file coords03.txt (compact mmCIF, C-alpha atoms and all ligand atoms)
# COMPACT_ATOMS: atom_id res chain seq x y z
CA MET A 1 0.00 0.00 0.00
CA GLU A 2 1.46 3.30 -1.10
CA TYR A 3 0.96 6.12 1.33
CA CYS A 4 -0.43 8.37 -1.41
CA GLU A 5 -3.20 5.81 -1.96
CA LEU A 6 -3.95 6.02 1.74
CA ILE A 7 -4.28 9.80 1.44
CA GLY A 8 -6.77 9.39 -1.42
CA LEU A 9 -8.89 7.13 0.78
CA ALA A 10 -8.65 9.57 3.68
CA LYS A 11 -10.00 12.35 1.46
CA LYS A 12 -12.87 10.09 0.47
CA ALA A 13 -13.64 9.37 4.14
CA MET A 14 -13.79 13.12 4.79
CA GLU A 15 -16.90 13.32 2.59
CA ASN A 16 -18.83 11.55 5.37
CA SER A 17 -17.72 13.96 8.08
CA TYR A 18 -20.55 14.97 10.40
CA SER A 19 -19.28 18.33 11.56
CA PRO A 20 -22.17 20.83 11.50
CA TYR A 21 -20.74 22.73 14.50
CA SER A 22 -17.08 23.26 13.64
CA LYS A 23 -17.46 22.81 9.88
CA PHE A 24 -13.96 21.32 10.13
CA LYS A 25 -14.00 18.05 8.23
CA VAL A 26 -11.37 15.42 8.96
CA GLY A 27 -10.82 12.18 7.08
CA VAL A 28 -8.36 9.42 7.85
CA ALA A 29 -7.32 6.10 6.39
CA LEU A 30 -5.71 3.61 8.73
CA LEU A 31 -3.58 0.69 7.57
CA ALA A 32 -3.77 -2.08 10.16
CA GLY A 33 -1.58 -5.10 10.82
CA SER A 34 -3.66 -7.48 8.71
CA GLY A 35 -3.19 -5.25 5.66
CA LYS A 36 -6.78 -4.06 5.79
CA ILE A 37 -7.64 -0.37 5.66
CA TYR A 38 -10.15 1.33 7.93
CA LEU A 39 -11.58 4.75 7.22
CA GLY A 40 -12.67 7.31 9.77
CA THR A 41 -14.17 10.75 9.93
CA ASN A 42 -15.07 13.12 12.72
CA ILE A 43 -18.55 12.84 14.16
CA GLU A 44 -19.77 15.79 16.21
CA ASN A 45 -22.64 16.08 18.64
CA ALA A 46 -24.89 18.87 19.92
CA SER A 47 -23.39 18.02 23.29
CA TYR A 48 -19.96 19.05 22.03
CA GLY A 49 -17.97 16.85 24.42
CA ALA A 50 -19.60 13.76 22.93
CA SER A 51 -17.91 14.43 19.57
CA ILE A 52 -15.26 12.02 18.37
CA CYS A 53 -12.23 12.60 16.15
CA ALA A 54 -11.66 10.80 12.87
CA GLU A 55 -8.55 9.00 14.15
CA ARG A 56 -10.38 7.41 17.04
CA VAL A 57 -13.31 6.39 14.82
CA ALA A 58 -10.93 4.52 12.51
CA THR A 59 -9.07 2.95 15.43
CA VAL A 60 -12.28 1.78 17.09
CA LYS A 61 -13.39 0.24 13.80
CA ALA A 62 -10.07 -1.58 13.36
CA ILE A 63 -9.69 -2.91 16.88
CA SER A 64 -13.31 -3.99 17.11
CA GLU A 65 -12.82 -5.97 13.90
CA GLY A 66 -9.95 -7.90 15.50
CA GLU A 67 -6.91 -5.88 14.47
CA LYS A 68 -4.07 -5.91 16.98
CA GLU A 69 -1.74 -3.31 15.55
CA LEU A 70 -1.87 0.00 13.72
CA VAL A 71 0.73 0.40 10.96
CA ALA A 72 0.06 3.80 9.40
CA ILE A 73 -2.59 6.49 9.39
CA ALA A 74 -3.05 9.25 6.84
CA LEU A 75 -4.78 12.44 7.99
CA THR A 76 -6.60 14.96 5.82
CA CYS A 77 -8.87 17.91 6.51
CA ASN A 78 -10.96 20.35 4.52
CA ASN A 79 -8.88 23.45 5.29
CA PRO A 80 -6.08 23.60 2.70
CA GLU A 81 -4.08 25.97 4.95
CA ILE A 82 -3.88 23.53 7.86
CA VAL A 83 -1.18 20.91 8.39
CA CYS A 84 -3.14 17.92 9.73
CA TYR A 85 -1.67 16.42 12.90
CA PRO A 86 -3.61 14.24 15.34
CA CYS A 87 -4.85 15.92 18.52
CA GLY A 88 -3.41 14.99 21.89
CA ILE A 89 -6.22 12.64 22.87
CA CYS A 90 -5.88 10.78 19.57
CA ARG A 91 -2.10 10.48 19.97
CA GLN A 92 -2.66 8.81 23.32
CA PHE A 93 -5.48 6.63 21.99
CA LEU A 94 -3.45 5.43 19.00
CA SER A 95 -0.38 4.72 21.15
CA GLU A 96 -2.21 1.88 22.87
CA PHE A 97 -1.97 -0.11 19.65
CA GLY A 98 1.59 0.28 18.43
CA ASN A 99 3.72 2.98 16.94
CA PRO A 100 2.18 3.73 13.55
CA ASP A 101 3.52 6.06 10.91
CA ILE A 102 1.55 9.30 11.03
CA ILE A 103 1.19 10.61 7.50
CA VAL A 104 0.87 14.35 7.96
CA THR A 105 -0.65 16.25 5.05
CA LYS A 106 -1.52 19.74 3.94
CA ASN A 107 -4.05 20.21 1.15
CA GLY A 108 -3.81 16.48 0.42
CA GLU A 109 0.00 16.48 -0.03
CA ILE A 110 2.44 14.73 2.31
CA VAL A 111 4.24 17.21 4.57
CA GLU A 112 6.06 14.63 6.66
CA ILE A 113 5.80 11.10 7.98
CA LYS A 114 6.42 10.82 11.70
CA LYS A 115 6.47 7.87 14.04
CA LEU A 116 3.70 8.34 16.60
CA SER A 117 6.27 7.99 19.40
CA SER A 118 8.01 11.15 18.17
CA LEU A 119 4.73 13.05 18.52
CA LEU A 120 4.07 11.64 22.00
CA PRO A 121 7.36 11.51 23.92
CA ASN A 122 7.44 10.03 27.44
CA SER A 123 3.97 8.64 26.90
CA PHE A 124 1.89 7.01 29.57
CA SER A 125 1.23 3.35 28.77
CA SER A 126 0.50 -0.08 30.18
CA LYS A 127 4.10 -0.33 31.42
CA ASP A 128 3.33 2.42 33.91
CA LEU A 129 0.59 0.31 35.47
CA GLN A 130 2.74 -2.71 36.28
N1 LIG D 201 -10.71 16.61 14.90
C1 LIG D 201 -10.37 15.38 14.42
O1 LIG D 201 -11.20 14.66 13.87
N2 LIG D 201 -9.09 14.98 14.58
C2 LIG D 201 -8.11 15.72 15.17
O2 LIG D 201 -7.00 15.22 15.36
C3 LIG D 201 -8.37 17.10 15.54
C4 LIG D 201 -9.79 17.50 15.58
C5 LIG D 201 -12.09 17.06 14.75
C6 LIG D 201 -12.87 17.10 16.04
C7 LIG D 201 -13.93 18.13 15.71
O3 LIG D 201 -15.02 17.47 15.06
C8 LIG D 201 -13.27 19.06 14.72
O4 LIG D 201 -12.14 18.37 14.24
C9 LIG D 201 -12.85 20.39 15.32
O5 LIG D 201 -12.12 20.20 16.47

call {"tool": "encode", "arguments": {"input": "coords03.txt", "output": "structure tokens"}}
result
Amino acid sequence: MEYCELIGLAKKAMENSYSPYSKFKVGVALLAGSGKIYLGTNIENASYGASICAERVATVKAISEGEKELVAIALTCNNPEIVCYPCGICRQFLSEFGNPDIIVTKNGEIVEIKKLSSLLPNSFSSKDLQ
């Protein structure tokens, strides 16, 4: 799977964004350990705190379908001026399931590819609970 293909799928996923409040559409495509791809988009709620980011939607889909590891995730959004990085909660959420490549884009073009661990140094994890 080429990472540019993943970006194309992420853009497609963005079309399903439910973001009537922020109008900020996010689309992601997540490559999981099995080789399957899971799409995600942000889903907002009138009770704003109940909203969920695209990255966590895709992760929930993957893990609930039996995936054990996240390999790579491409992020896109509908503002061509914004460089799309995952928010802090999503960084933590993703880190539970490996150290995927984060494919950071701007206006659908790759800006950089970062290991999640480099975006979440000194992270809290299961090892801290032993
Ligand atoms: N959002 C994401 O989907 N992913 C992120 O990493 C950052 C923020 C969504 C949540 C909300 O629906 C909208 O973007 C504005 O915060």

call {"tool": "closest_residue", "arguments": {"input": "coords03.txt", "among": "A:Asp101, A:Glu44, A:Glu2, A:Glu81", "to": "ligand LIG 201 (chain D)", "atoms": "only C-alpha atoms and all ligand atoms"}}
result
A:Glu44

call {"tool": "atom_distance", "arguments": {"input": "coords03.txt", "atom1": "atom CA of A:Leu129", "atom2": "atom CA of A:Phe93"}}
result
16.1 Å

call {"tool": "residues_around", "arguments": {"input": "coords03.txt", "residues": "A:Phe24", "least_positions_apart": "6", "cutoff": "10 Å", "atoms": "only C-alpha atoms", "output": "PyMOL selection string"}}
result
chain A and resi 14+17-18+42+77-79

call {"tool": "write_last_selection", "arguments": {"input": "coords03.txt", "atoms": "C-alpha atoms", "output": "PDB file, in the coordinates of the input"}}
result
ATOM      1  CA  MET A  14     -13.790  13.120   4.790  1.00  0.00           C
ATOM      2  CA  SER A  17     -17.720  13.960   8.080  1.00  0.00           C
ATOM      3  CA  TYR A  18     -20.550  14.970  10.400  1.00  0.00           C
ATOM      4  CA  ASN A  42     -15.070  13.120  12.720  1.00  0.00           C
ATOM      5  CA  CYS A  77      -8.870  17.910   6.510  1.00  0.00           C
ATOM      6  CA  ASN A  78     -10.960  20.350   4.520  1.00  0.00           C
ATOM      7  CA  ASN A  79      -8.880  23.450   5.290  1.00  0.00           C
TER       8      ASN A  79
END

call {"tool": "residues_near_ligand", "arguments": {"input": "coords03.txt", "ligand": "ligand LIG 201 (chain D)", "cutoff": "9 Å", "atoms": "only C-alpha atoms and all ligand atoms", "output": "short mmCIF file (atom, residue, chain, number, x, y, z; two decimals) with C-alpha atoms, keeping the file's coordinate frame"}}
result
data_model
loop_
_atom_site.label_atom_id
_atom_site.label_comp_id
_atom_site.auth_asym_id
_atom_site.auth_seq_id
_atom_site.Cartn_x
_atom_site.Cartn_y
_atom_site.Cartn_z
CA SER A 17 -17.72 13.96 8.08
CA TYR A 18 -20.55 14.97 10.40
CA SER A 19 -19.28 18.33 11.56
CA PRO A 20 -22.17 20.83 11.50
CA TYR A 21 -20.74 22.73 14.50
CA SER A 22 -17.08 23.26 13.64
CA LYS A 23 -17.46 22.81 9.88
CA PHE A 24 -13.96 21.32 10.13
CA LYS A 25 -14.00 18.05 8.23
CA VAL A 26 -11.37 15.42 8.96
CA GLY A 27 -10.82 12.18 7.08
CA VAL A 28 -8.36 9.42 7.85
CA GLY A 40 -12.67 7.31 9.77
CA THR A 41 -14.17 10.75 9.93
CA ASN A 42 -15.07 13.12 12.72
CA ILE A 43 -18.55 12.84 14.16
CA GLU A 44 -19.77 15.79 16.21
CA ASN A 45 -22.64 16.08 18.64
CA TYR A 48 -19.96 19.05 22.03
CA SER A 51 -17.91 14.43 19.57
CA ILE A 52 -15.26 12.02 18.37
CA CYS A 53 -12.23 12.60 16.15
CA ALA A 54 -11.66 10.80 12.87
CA GLU A 55 -8.55 9.00 14.15
CA ARG A 56 -10.38 7.41 17.04
CA VAL A 57 -13.31 6.39 14.82
CA LEU A 75 -4.78 12.44 7.99
CA CYS A 77 -8.87 17.91 6.51
CA CYS A 84 -3.14 17.92 9.73
CA TYR A 85 -1.67 16.42 12.90
CA PRO A 86 -3.61 14.24 15.34
CA CYS A 87 -4.85 15.92 18.52
CA GLY A 88 -3.41 14.99 21.89
CA ILE A 89 -6.22 12.64 22.87
CA CYS A 90 -5.88 10.78 19.57
CA ARG A 91 -2.10 10.48 19.97
#

call {"tool": "residues_around", "arguments": {"input": "coords03.txt", "residues": "A:Ile63", "least_positions_apart": "4", "cutoff": "10 Å", "atoms": "all atoms listed in the file", "output": "ChimeraX atom specification"}}
result
/A:32,38,58-59,67-70,97

call {"tool": "closest_residue", "arguments": {"input": "coords03.txt", "among": "A:Gln130, A:Glu96, A:Lys11, A:Val71", "to": "A:Lys115", "atoms": "only C-alpha atoms"}}
result
A:Val71
